[in-house]
$ cat upload14.txt   # compact mmCIF, N, CA, C and O atoms
# COMPACT_ATOMS: atom_id res chain seq x y z
N MET A 222 15.82 -13.67 -14.20
CA MET A 222 14.52 -13.53 -13.58
C MET A 222 14.22 -12.04 -13.39
O MET A 222 15.02 -11.31 -12.84
N LEU A 223 13.05 -11.63 -13.85
CA LEU A 223 12.64 -10.25 -13.67
C LEU A 223 12.14 -10.05 -12.24
O LEU A 223 11.43 -10.90 -11.70
N PRO A 224 12.51 -8.92 -11.64
CA PRO A 224 12.06 -8.68 -10.27
C PRO A 224 10.58 -8.36 -10.23
O PRO A 224 10.04 -7.70 -11.12
N HIS A 225 9.92 -8.85 -9.22
CA HIS A 225 8.57 -8.40 -8.93
C HIS A 225 8.35 -8.40 -7.43
O HIS A 225 9.03 -9.10 -6.68
N ILE A 226 7.43 -7.57 -7.00
CA ILE A 226 7.16 -7.37 -5.58
C ILE A 226 6.22 -8.47 -5.11
O ILE A 226 5.21 -8.76 -5.77
N ILE A 227 6.53 -9.05 -3.96
CA ILE A 227 5.63 -10.06 -3.40
C ILE A 227 4.95 -9.55 -2.12
O ILE A 227 3.97 -10.14 -1.69
N GLU A 228 5.46 -8.45 -1.56
CA GLU A 228 4.84 -7.88 -0.37
C GLU A 228 5.21 -6.41 -0.28
O GLU A 228 6.34 -6.02 -0.60
N ALA A 229 4.26 -5.58 0.16
CA ALA A 229 4.50 -4.15 0.31
C ALA A 229 3.72 -3.63 1.52
O ALA A 229 2.57 -4.02 1.72
N ARG A 230 4.37 -2.76 2.30
CA ARG A 230 3.73 -2.15 3.47
C ARG A 230 4.11 -0.68 3.53
O ARG A 230 5.27 -0.31 3.30
N TYR A 231 3.14 0.14 3.89
CA TYR A 231 3.40 1.55 4.12
C TYR A 231 4.20 1.70 5.40
O TYR A 231 3.90 1.04 6.40
N VAL A 232 5.22 2.57 5.38
CA VAL A 232 6.03 2.82 6.58
C VAL A 232 5.65 4.17 7.18
O VAL A 232 5.12 4.26 8.27
N SER A 233 5.96 5.26 6.46
CA SER A 233 5.60 6.61 6.89
C SER A 233 5.97 7.58 5.77
O SER A 233 6.78 7.24 4.90
N GLY A 234 5.38 8.77 5.82
CA GLY A 234 5.69 9.76 4.79
C GLY A 234 5.50 9.18 3.40
O GLY A 234 4.41 8.75 3.05
N HIS A 235 6.58 9.13 2.64
CA HIS A 235 6.56 8.55 1.29
C HIS A 235 7.45 7.31 1.22
O HIS A 235 8.02 6.99 0.18
N THR A 236 7.57 6.63 2.35
CA THR A 236 8.42 5.45 2.45
C THR A 236 7.57 4.18 2.51
O THR A 236 6.59 4.12 3.26
N ILE A 237 7.98 3.20 1.72
CA ILE A 237 7.31 1.92 1.65
C ILE A 237 8.35 0.82 1.89
O ILE A 237 9.48 0.93 1.43
N TRP A 238 7.96 -0.20 2.61
CA TRP A 238 8.79 -1.40 2.77
C TRP A 238 8.35 -2.40 1.71
O TRP A 238 7.16 -2.62 1.50
N LEU A 239 9.34 -2.99 1.01
CA LEU A 239 9.05 -3.92 -0.07
C LEU A 239 9.83 -5.22 0.10
O LEU A 239 10.95 -5.21 0.60
N ARG A 240 9.23 -6.32 -0.36
CA ARG A 240 9.94 -7.60 -0.46
C ARG A 240 9.78 -8.07 -1.91
O ARG A 240 8.68 -8.06 -2.46
N PHE A 241 10.91 -8.48 -2.50
CA PHE A 241 10.94 -8.92 -3.89
C PHE A 241 11.08 -10.43 -3.99
O PHE A 241 11.48 -11.10 -3.04
N ASN A 242 10.78 -10.95 -5.17
CA ASN A 242 10.83 -12.39 -5.42
C ASN A 242 12.24 -12.97 -5.32
O ASN A 242 12.39 -14.18 -5.19
N ASP A 243 13.27 -12.12 -5.34
CA ASP A 243 14.64 -12.63 -5.19
C ASP A 243 15.07 -12.65 -3.72
O ASP A 243 16.23 -12.94 -3.42
N GLY A 244 14.14 -12.31 -2.81
CA GLY A 244 14.45 -12.32 -1.38
C GLY A 244 14.87 -10.98 -0.83
O GLY A 244 14.92 -10.81 0.39
N ALA A 245 15.20 -10.03 -1.69
CA ALA A 245 15.61 -8.70 -1.21
C ALA A 245 14.41 -8.00 -0.57
O ALA A 245 13.28 -8.11 -1.05
N GLU A 246 14.69 -7.31 0.51
CA GLU A 246 13.65 -6.52 1.17
C GLU A 246 14.29 -5.31 1.79
O GLU A 246 15.48 -5.28 2.10
N GLY A 247 13.49 -4.26 1.92
CA GLY A 247 13.98 -3.04 2.52
C GLY A 247 13.02 -1.90 2.27
O GLY A 247 11.92 -2.10 1.75
N GLU A 248 13.46 -0.70 2.63
CA GLU A 248 12.61 0.48 2.52
C GLU A 248 13.02 1.33 1.33
O GLU A 248 14.18 1.31 0.91
N LEU A 249 12.05 2.08 0.86
CA LEU A 249 12.26 2.96 -0.29
C LEU A 249 11.45 4.22 -0.08
O LEU A 249 10.23 4.16 0.11
N ASP A 250 12.13 5.38 -0.06
CA ASP A 250 11.45 6.68 0.04
C ASP A 250 11.29 7.20 -1.38
O ASP A 250 12.28 7.48 -2.06
N LEU A 251 10.06 7.32 -1.83
CA LEU A 251 9.78 7.70 -3.22
C LEU A 251 9.53 9.19 -3.41
O LEU A 251 9.25 9.63 -4.53
N PHE A 252 9.63 10.00 -2.36
CA PHE A 252 9.27 11.42 -2.49
C PHE A 252 10.01 12.11 -3.64
O PHE A 252 9.41 12.84 -4.40
N SER A 253 11.31 11.87 -3.77
CA SER A 253 12.09 12.56 -4.80
C SER A 253 11.72 12.12 -6.21
O SER A 253 12.13 12.75 -7.19
N GLU A 254 10.95 11.05 -6.35
CA GLU A 254 10.54 10.54 -7.67
C GLU A 254 9.16 11.04 -8.08
O GLU A 254 8.70 10.74 -9.18
N LEU A 255 8.50 11.79 -7.22
CA LEU A 255 7.12 12.20 -7.46
C LEU A 255 7.04 13.53 -8.19
O LEU A 255 6.63 14.55 -7.64
N HIS A 256 7.42 13.52 -9.46
CA HIS A 256 7.31 14.71 -10.29
C HIS A 256 6.65 14.34 -11.60
O HIS A 256 6.69 13.18 -12.02
N GLY A 257 6.00 15.30 -12.20
CA GLY A 257 5.24 15.06 -13.43
C GLY A 257 3.77 14.90 -13.10
O GLY A 257 3.40 14.61 -11.96
N PRO A 258 2.91 15.11 -14.07
CA PRO A 258 1.46 15.14 -13.83
C PRO A 258 0.88 13.89 -13.15
O PRO A 258 -0.01 14.01 -12.31
N ILE A 259 1.36 12.73 -13.47
CA ILE A 259 0.78 11.51 -12.90
C ILE A 259 1.24 11.27 -11.47
O ILE A 259 0.50 10.69 -10.66
N PHE A 260 2.45 11.74 -11.13
CA PHE A 260 3.00 11.47 -9.80
C PHE A 260 2.79 12.59 -8.79
O PHE A 260 2.82 12.34 -7.60
N GLU A 261 2.59 13.84 -9.25
CA GLU A 261 2.47 14.96 -8.31
C GLU A 261 1.33 14.79 -7.31
O GLU A 261 1.49 15.15 -6.14
N PRO A 262 0.17 14.20 -7.68
CA PRO A 262 -0.86 13.99 -6.65
C PRO A 262 -0.40 13.09 -5.50
O PRO A 262 -0.89 13.21 -4.38
N LEU A 263 0.59 12.24 -5.75
CA LEU A 263 1.10 11.33 -4.72
C LEU A 263 1.95 12.05 -3.68
O LEU A 263 2.31 11.46 -2.66
N ARG A 264 2.26 13.33 -3.90
CA ARG A 264 2.99 14.09 -2.89
C ARG A 264 2.15 14.25 -1.63
O ARG A 264 2.68 14.44 -0.55
N SER A 265 0.83 14.17 -1.78
CA SER A 265 -0.06 14.15 -0.62
C SER A 265 0.05 12.77 0.01
O SER A 265 -0.18 11.75 -0.65
N VAL A 266 0.41 12.72 1.29
CA VAL A 266 0.58 11.44 1.98
C VAL A 266 -0.72 10.64 1.95
O VAL A 266 -0.70 9.42 1.79
N GLU A 267 -1.86 11.33 2.05
CA GLU A 267 -3.14 10.63 2.03
C GLU A 267 -3.34 9.89 0.71
O GLU A 267 -3.84 8.77 0.68
N VAL A 268 -2.94 10.50 -0.39
CA VAL A 268 -3.06 9.87 -1.70
C VAL A 268 -1.97 8.79 -1.85
O VAL A 268 -2.24 7.68 -2.32
N PHE A 269 -0.76 9.10 -1.43
CA PHE A 269 0.35 8.16 -1.54
C PHE A 269 0.04 6.84 -0.85
O PHE A 269 0.34 5.77 -1.37
N ARG A 270 -0.60 6.90 0.31
CA ARG A 270 -0.90 5.70 1.10
C ARG A 270 -1.91 4.78 0.42
O ARG A 270 -2.13 3.66 0.87
N GLN A 271 -2.53 5.21 -0.67
CA GLN A 271 -3.57 4.43 -1.34
C GLN A 271 -3.00 3.39 -2.31
O GLN A 271 -3.76 2.77 -3.05
N PHE A 272 -1.69 3.18 -2.30
CA PHE A 272 -1.11 2.20 -3.23
C PHE A 272 -1.63 0.80 -2.93
O PHE A 272 -2.04 0.49 -1.81
N VAL A 273 -1.61 -0.02 -3.96
CA VAL A 273 -1.90 -1.45 -3.81
C VAL A 273 -0.86 -2.22 -4.62
O VAL A 273 -0.22 -1.66 -5.52
N LEU A 274 -0.71 -3.46 -4.30
CA LEU A 274 0.18 -4.34 -5.06
C LEU A 274 -0.68 -4.99 -6.15
O LEU A 274 -1.59 -5.77 -5.84
N HIS A 275 -0.41 -4.63 -7.39
CA HIS A 275 -1.22 -5.13 -8.51
C HIS A 275 -0.97 -6.63 -8.67
O HIS A 275 0.18 -7.06 -8.78
N PRO A 276 -2.04 -7.45 -8.69
CA PRO A 276 -1.86 -8.91 -8.70
C PRO A 276 -1.23 -9.46 -9.99
O PRO A 276 -0.61 -10.52 -9.95
N GLU A 277 -1.38 -8.77 -11.10
CA GLU A 277 -0.78 -9.25 -12.35
C GLU A 277 0.53 -8.56 -12.68
O GLU A 277 1.49 -9.21 -13.09
N LEU A 278 0.59 -7.24 -12.48
CA LEU A 278 1.81 -6.49 -12.80
C LEU A 278 2.89 -6.69 -11.73
O LEU A 278 4.06 -6.45 -11.98
N ARG A 279 2.46 -7.07 -10.52
CA ARG A 279 3.37 -7.32 -9.40
C ARG A 279 4.24 -6.11 -9.07
O ARG A 279 5.43 -6.23 -8.79
N THR A 280 3.61 -4.93 -9.14
CA THR A 280 4.27 -3.70 -8.74
C THR A 280 3.24 -2.82 -8.04
O THR A 280 2.06 -3.17 -7.97
N LEU A 281 3.70 -1.68 -7.51
CA LEU A 281 2.81 -0.75 -6.82
C LEU A 281 2.03 0.06 -7.83
O LEU A 281 2.60 0.56 -8.81
N VAL A 282 0.74 0.23 -7.58
CA VAL A 282 -0.11 1.07 -8.42
C VAL A 282 -0.99 1.92 -7.51
O VAL A 282 -1.28 1.54 -6.37
N TRP A 283 -1.40 3.07 -8.03
CA TRP A 283 -2.26 4.00 -7.31
C TRP A 283 -3.56 4.19 -8.07
O TRP A 283 -3.60 3.97 -9.28
N PRO A 284 -4.62 4.60 -7.39
CA PRO A 284 -5.92 4.76 -8.05
C PRO A 284 -5.91 5.71 -9.25
O PRO A 284 -6.72 5.54 -10.16
N ASN A 285 -4.99 6.68 -9.29
CA ASN A 285 -4.95 7.61 -10.42
C ASN A 285 -4.20 7.04 -11.63
O ASN A 285 -4.03 7.72 -12.63
N GLY A 286 -3.74 5.80 -11.55
CA GLY A 286 -3.03 5.16 -12.67
C GLY A 286 -1.52 5.22 -12.58
O GLY A 286 -0.82 4.64 -13.40
N ALA A 287 -1.00 5.90 -11.56
CA ALA A 287 0.46 5.97 -11.39
C ALA A 287 0.99 4.59 -10.99
O ALA A 287 0.33 3.82 -10.29
N ASP A 288 2.18 4.29 -11.47
CA ASP A 288 2.89 3.08 -11.06
C ASP A 288 4.38 3.25 -11.31
O ASP A 288 4.79 4.19 -11.98
N PHE A 289 5.16 2.38 -10.73
CA PHE A 289 6.60 2.36 -10.95
C PHE A 289 6.99 0.98 -11.45
O PHE A 289 6.45 -0.02 -10.98
N ALA A 290 7.94 0.94 -12.37
CA ALA A 290 8.43 -0.35 -12.86
C ALA A 290 9.09 -1.08 -11.69
O ALA A 290 9.86 -0.47 -10.94
N PRO A 291 8.81 -2.37 -11.53
CA PRO A 291 9.44 -3.10 -10.43
C PRO A 291 10.97 -3.11 -10.53
O PRO A 291 11.65 -3.14 -9.51
N GLU A 292 11.51 -3.05 -11.74
CA GLU A 292 12.97 -3.01 -11.92
C GLU A 292 13.55 -1.75 -11.29
O GLU A 292 14.60 -1.78 -10.66
N PHE A 293 12.84 -0.61 -11.48
CA PHE A 293 13.29 0.64 -10.86
C PHE A 293 13.23 0.54 -9.35
O PHE A 293 14.17 0.90 -8.64
N LEU A 294 12.11 0.05 -8.83
CA LEU A 294 11.95 -0.05 -7.38
C LEU A 294 13.02 -0.96 -6.78
O LEU A 294 13.59 -0.65 -5.73
N ARG A 295 13.32 -2.06 -7.45
CA ARG A 295 14.34 -2.99 -6.94
C ARG A 295 15.71 -2.33 -6.93
O ARG A 295 16.48 -2.48 -5.98
N SER A 296 16.04 -1.57 -7.97
CA SER A 296 17.36 -0.94 -8.04
C SER A 296 17.52 0.18 -7.02
O SER A 296 18.64 0.47 -6.59
N ALA A 297 16.42 0.80 -6.61
CA ALA A 297 16.48 1.93 -5.67
C ALA A 297 16.29 1.49 -4.22
O ALA A 297 16.41 2.32 -3.31
N LEU A 298 16.02 0.23 -3.99
CA LEU A 298 15.73 -0.28 -2.65
C LEU A 298 16.92 -0.14 -1.71
O LEU A 298 18.05 -0.43 -2.07
N ARG A 299 16.65 0.32 -0.49
CA ARG A 299 17.65 0.30 0.58
C ARG A 299 17.52 -1.05 1.25
O ARG A 299 16.59 -1.28 2.03
N VAL A 300 18.40 -1.96 0.90
CA VAL A 300 18.28 -3.33 1.37
C VAL A 300 18.53 -3.40 2.87
O VAL A 300 19.50 -2.83 3.37
N ALA A 301 17.66 -4.10 3.57
CA ALA A 301 17.79 -4.26 5.02
C ALA A 301 18.96 -5.18 5.33
O ALA A 301 19.19 -6.17 4.64
N ALA A 302 19.72 -4.82 6.35
CA ALA A 302 20.89 -5.62 6.75
C ALA A 302 20.48 -6.84 7.53
O ALA A 302 19.45 -6.90 8.13

$ encode --input "upload14.txt" --output "structure tokens"
Amino acid sequence: MLPHIIEARYVSGHTIWLRFNDGAEGELDLFSELHGPIFEPLRSVEVFRQFVLHPELRTLVWPNGADFAPEFLRSALRVAA
């Protein structure tokens, strides 16, 4: 089964809380991943907070077209105890 996000909430800074279809949930700080032309605008917290959960791709997307593969997000997740 491929991972996909079923719920996402902004926490603070560049941290998002995520819940995946396999039941895993936890927080993920994406600041260190925000490099390159498409991701650098997301270093602004105001821009970063504009993410949405794409209804078909089932991952986080931003208005400028930035997104992360759900497989990457799942592997980097700090799973809640």

$ residues_around --input "upload14.txt" --residues "Ala229 in chain A" --least-positions-apart "2" --cutoff "8 Å" --atoms "all atoms listed in the file" --output "list of chain:residue names"
A:Ile226, A:Ile227, A:Tyr231, A:Val232, A:Ile237, A:Trp238, A:Leu239, A:Arg240, A:Phe241, A:Gly247, A:Phe272, A:Val273, A:Leu274

$ atom_distance --input "upload14.txt" --atom1 "CA of Phe269 in chain A" --atom2 "atom N of Arg295 in chain A"
17.5 Å

$ axis_aligned_box --input "upload14.txt" --around "range 260-264 of chain A" --padding-each-side "4 Å" --output "AutoDock Vina command-line options"
--center_x 1.1 --center_y 13.2 --center_z -5.8 --size_x 11.9 --size_y 11.8 --size_z 18.6

$ select_by_dssp --input "upload14.txt" --residues "chain A" --states "alpha helix (DSSP H)" --output "list in words"
Val266, Glu267, Val268, Phe269, Pro291, Glu292, Phe293, Leu294, Arg295, Ser296 and Ala297 of chain A

$ closest_residue --input "upload14.txt" --among "A:Arg279, A:Glu248, A:Gly234, A:Leu294" --to "Ser265 in chain A" --atoms "all atoms listed in the file"
A:Gly234

$ atom_distance --input "upload14.txt" --atom1 "atom O of Asp288 in chain A" --atom2 "atom C of Met222 in chain A"
18.8 Å

$ residues_near_point --input "upload14.txt" --point "(0.6, 11.2, -8.6)" --cutoff "8 Å" --atoms "all atoms listed in the file" --output "list in words"
Leu255, His256, Gly257, Pro258, Ile259, Phe260, Glu261, Pro262, Leu263, Arg264, Ser265, Val268, Phe269, Trp283, Asn285, Gly286, Ala287 and Asp288 of chain A

$ atom_distance --input "upload14.txt" --atom1 "CA of Gln271 in chain A" --atom2 "CA of Phe252 in chain A"
14.7 Å

$ closest_residue --input "upload14.txt" --among "A:Val266, A:Ala297, A:Ala290, A:Leu281" --to "Glu228 in chain A" --atoms "only C-alpha atoms"
A:Leu281

$ select_by_dssp --input "upload14.txt" --residues "chain A" --states "strand (DSSP E or B)" --output "list of chain:residue names"
A:Ile226, A:Ile227, A:Glu228, A:Ala229, A:Arg230, A:Tyr231, A:Val232, A:Ser233, A:Thr236, A:Ile237, A:Trp238, A:Leu239, A:Arg240, A:Phe241, A:Glu246, A:Gly247, A:Glu248, A:Leu249, A:Asp250, A:Val273, A:Leu274, A:Leu281, A:Val282, A:Asp288, A:Arg299, A:Val300

$ decode --input "upload14.txt" --residues "range 273-286 of chain A" --atoms "all heavy atoms" --output "CSV table (one decimal), in the first residue's frame"
chain,number,residue,atom,x,y,z
A,273,VAL,N,-2.1,23.0,1.4
A,273,VAL,CA,-3.4,22.3,1.4
A,273,VAL,C,-3.1,20.8,1.2
A,273,VAL,O,-2.1,20.5,0.6
A,273,VAL,CB,-4.4,22.8,0.4
A,273,VAL,CG1,-4.8,24.3,0.7
A,273,VAL,CG2,-3.9,22.7,-1.0
A,274,LEU,N,-4.1,20.0,1.5
A,274,LEU,CA,-4.0,18.6,1.3
A,274,LEU,C,-4.7,18.4,-0.1
A,274,LEU,O,-5.9,18.6,-0.2
A,274,LEU,CB,-4.6,17.8,2.4
A,274,LEU,CG,-4.7,16.3,2.2
A,274,LEU,CD1,-3.2,15.7,2.0
A,274,LEU,CD2,-5.3,15.7,3.5
A,275,HIS,N,-3.9,18.0,-1.1
A,275,HIS,CA,-4.5,17.8,-2.4
A,275,HIS,C,-5.4,16.6,-2.4
A,275,HIS,O,-5.0,15.5,-2.0
A,275,HIS,CB,-3.4,17.6,-3.5
A,275,HIS,CG,-3.8,17.7,-4.9
A,275,HIS,ND1,-4.5,16.7,-5.5
A,275,HIS,CD2,-3.7,18.8,-5.7
A,275,HIS,CE1,-4.8,17.1,-6.7
A,275,HIS,NE2,-4.3,18.3,-6.9
A,276,PRO,N,-6.7,16.8,-2.9
A,276,PRO,CA,-7.7,15.7,-2.8
A,276,PRO,C,-7.4,14.5,-3.7
A,276,PRO,O,-7.8,13.4,-3.3
A,276,PRO,CB,-9.0,16.4,-3.2
A,276,PRO,CG,-8.5,17.6,-4.0
A,276,PRO,CD,-7.2,18.0,-3.5
A,277,GLU,N,-6.6,14.7,-4.8
A,277,GLU,CA,-6.3,13.5,-5.6
A,277,GLU,C,-4.9,13.0,-5.4
A,277,GLU,O,-4.7,11.8,-5.3
A,277,GLU,CB,-6.4,13.9,-7.1
A,277,GLU,CG,-7.9,14.2,-7.5
A,277,GLU,CD,-8.0,14.8,-8.9
A,277,GLU,OE1,-7.0,14.6,-9.7
A,277,GLU,OE2,-9.0,15.3,-9.2
A,278,LEU,N,-3.9,13.9,-5.2
A,278,LEU,CA,-2.5,13.4,-5.0
A,278,LEU,C,-2.3,12.9,-3.5
A,278,LEU,O,-1.4,12.2,-3.3
A,278,LEU,CB,-1.6,14.6,-5.3
A,278,LEU,CG,-1.6,15.1,-6.7
A,278,LEU,CD1,-0.6,16.3,-6.8
A,278,LEU,CD2,-1.3,14.0,-7.7
A,279,ARG,N,-3.2,13.4,-2.6
A,279,ARG,CA,-3.1,13.0,-1.2
A,279,ARG,C,-1.8,13.3,-0.6
A,279,ARG,O,-1.2,12.5,0.2
A,279,ARG,CB,-3.5,11.5,-1.0
A,279,ARG,CG,-4.8,11.1,-1.6
A,279,ARG,CD,-6.0,11.9,-1.0
A,279,ARG,NE,-6.1,11.6,0.4
A,279,ARG,CZ,-7.2,11.4,1.0
A,279,ARG,NH1,-8.3,11.5,0.3
A,279,ARG,NH2,-7.3,11.2,2.3
A,280,THR,N,-1.3,14.5,-0.9
A,280,THR,CA,-0.1,15.0,-0.3
A,280,THR,C,-0.2,16.5,-0.1
A,280,THR,O,-1.2,17.1,-0.6
A,280,THR,CB,1.2,14.6,-1.1
A,280,THR,OG1,2.4,14.9,-0.3
A,280,THR,CG2,1.3,15.4,-2.4
A,281,LEU,N,0.8,17.1,0.5
A,281,LEU,CA,0.8,18.6,0.7
A,281,LEU,C,1.2,19.3,-0.5
A,281,LEU,O,2.2,18.9,-1.2
A,281,LEU,CB,1.7,18.9,1.9
A,281,LEU,CG,1.5,18.3,3.2
A,281,LEU,CD1,2.6,18.7,4.2
A,281,LEU,CD2,0.2,18.5,3.7
A,282,VAL,N,0.5,20.4,-0.9
A,282,VAL,CA,0.8,21.2,-2.0
A,282,VAL,C,0.7,22.7,-1.6
A,282,VAL,O,-0.1,23.0,-0.7
A,282,VAL,CB,-0.1,20.9,-3.3
A,282,VAL,CG1,0.1,19.5,-3.8
A,282,VAL,CG2,-1.5,21.2,-3.0
A,283,TRP,N,1.5,23.5,-2.3
A,283,TRP,CA,1.4,24.9,-2.0
A,283,TRP,C,1.0,25.7,-3.3
A,283,TRP,O,1.2,25.2,-4.4
A,283,TRP,CB,2.8,25.4,-1.6
A,283,TRP,CG,3.1,25.1,-0.1
A,283,TRP,CD1,3.0,25.9,0.9
A,283,TRP,CD2,3.6,23.8,0.4
A,283,TRP,NE1,3.4,25.2,2.1
A,283,TRP,CE2,3.8,24.0,1.8
A,283,TRP,CE3,4.0,22.6,-0.2
A,283,TRP,CZ2,4.2,22.9,2.6
A,283,TRP,CZ3,4.4,21.6,0.6
A,283,TRP,CH2,4.5,21.8,2.0
A,284,PRO,N,0.5,26.9,-3.1
A,284,PRO,CA,0.0,27.7,-4.3
A,284,PRO,C,1.1,27.9,-5.4
A,284,PRO,O,0.7,28.0,-6.6
A,284,PRO,CB,-0.4,29.0,-3.7
A,284,PRO,CG,-0.8,28.7,-2.3
A,284,PRO,CD,0.2,27.6,-1.9
A,285,ASN,N,2.3,27.9,-5.0
A,285,ASN,CA,3.4,28.1,-6.1
A,285,ASN,C,3.7,26.8,-6.8
A,285,ASN,O,4.6,26.8,-7.7
A,285,ASN,CB,4.6,28.7,-5.5
A,285,ASN,CG,5.4,27.7,-4.6
A,285,ASN,OD1,4.9,26.7,-4.2
A,285,ASN,ND2,6.7,28.0,-4.4
A,286,GLY,N,3.0,25.7,-6.5
A,286,GLY,CA,3.3,24.4,-7.2
A,286,GLY,C,4.2,23.5,-6.5
A,286,GLY,O,4.4,22.3,-6.9
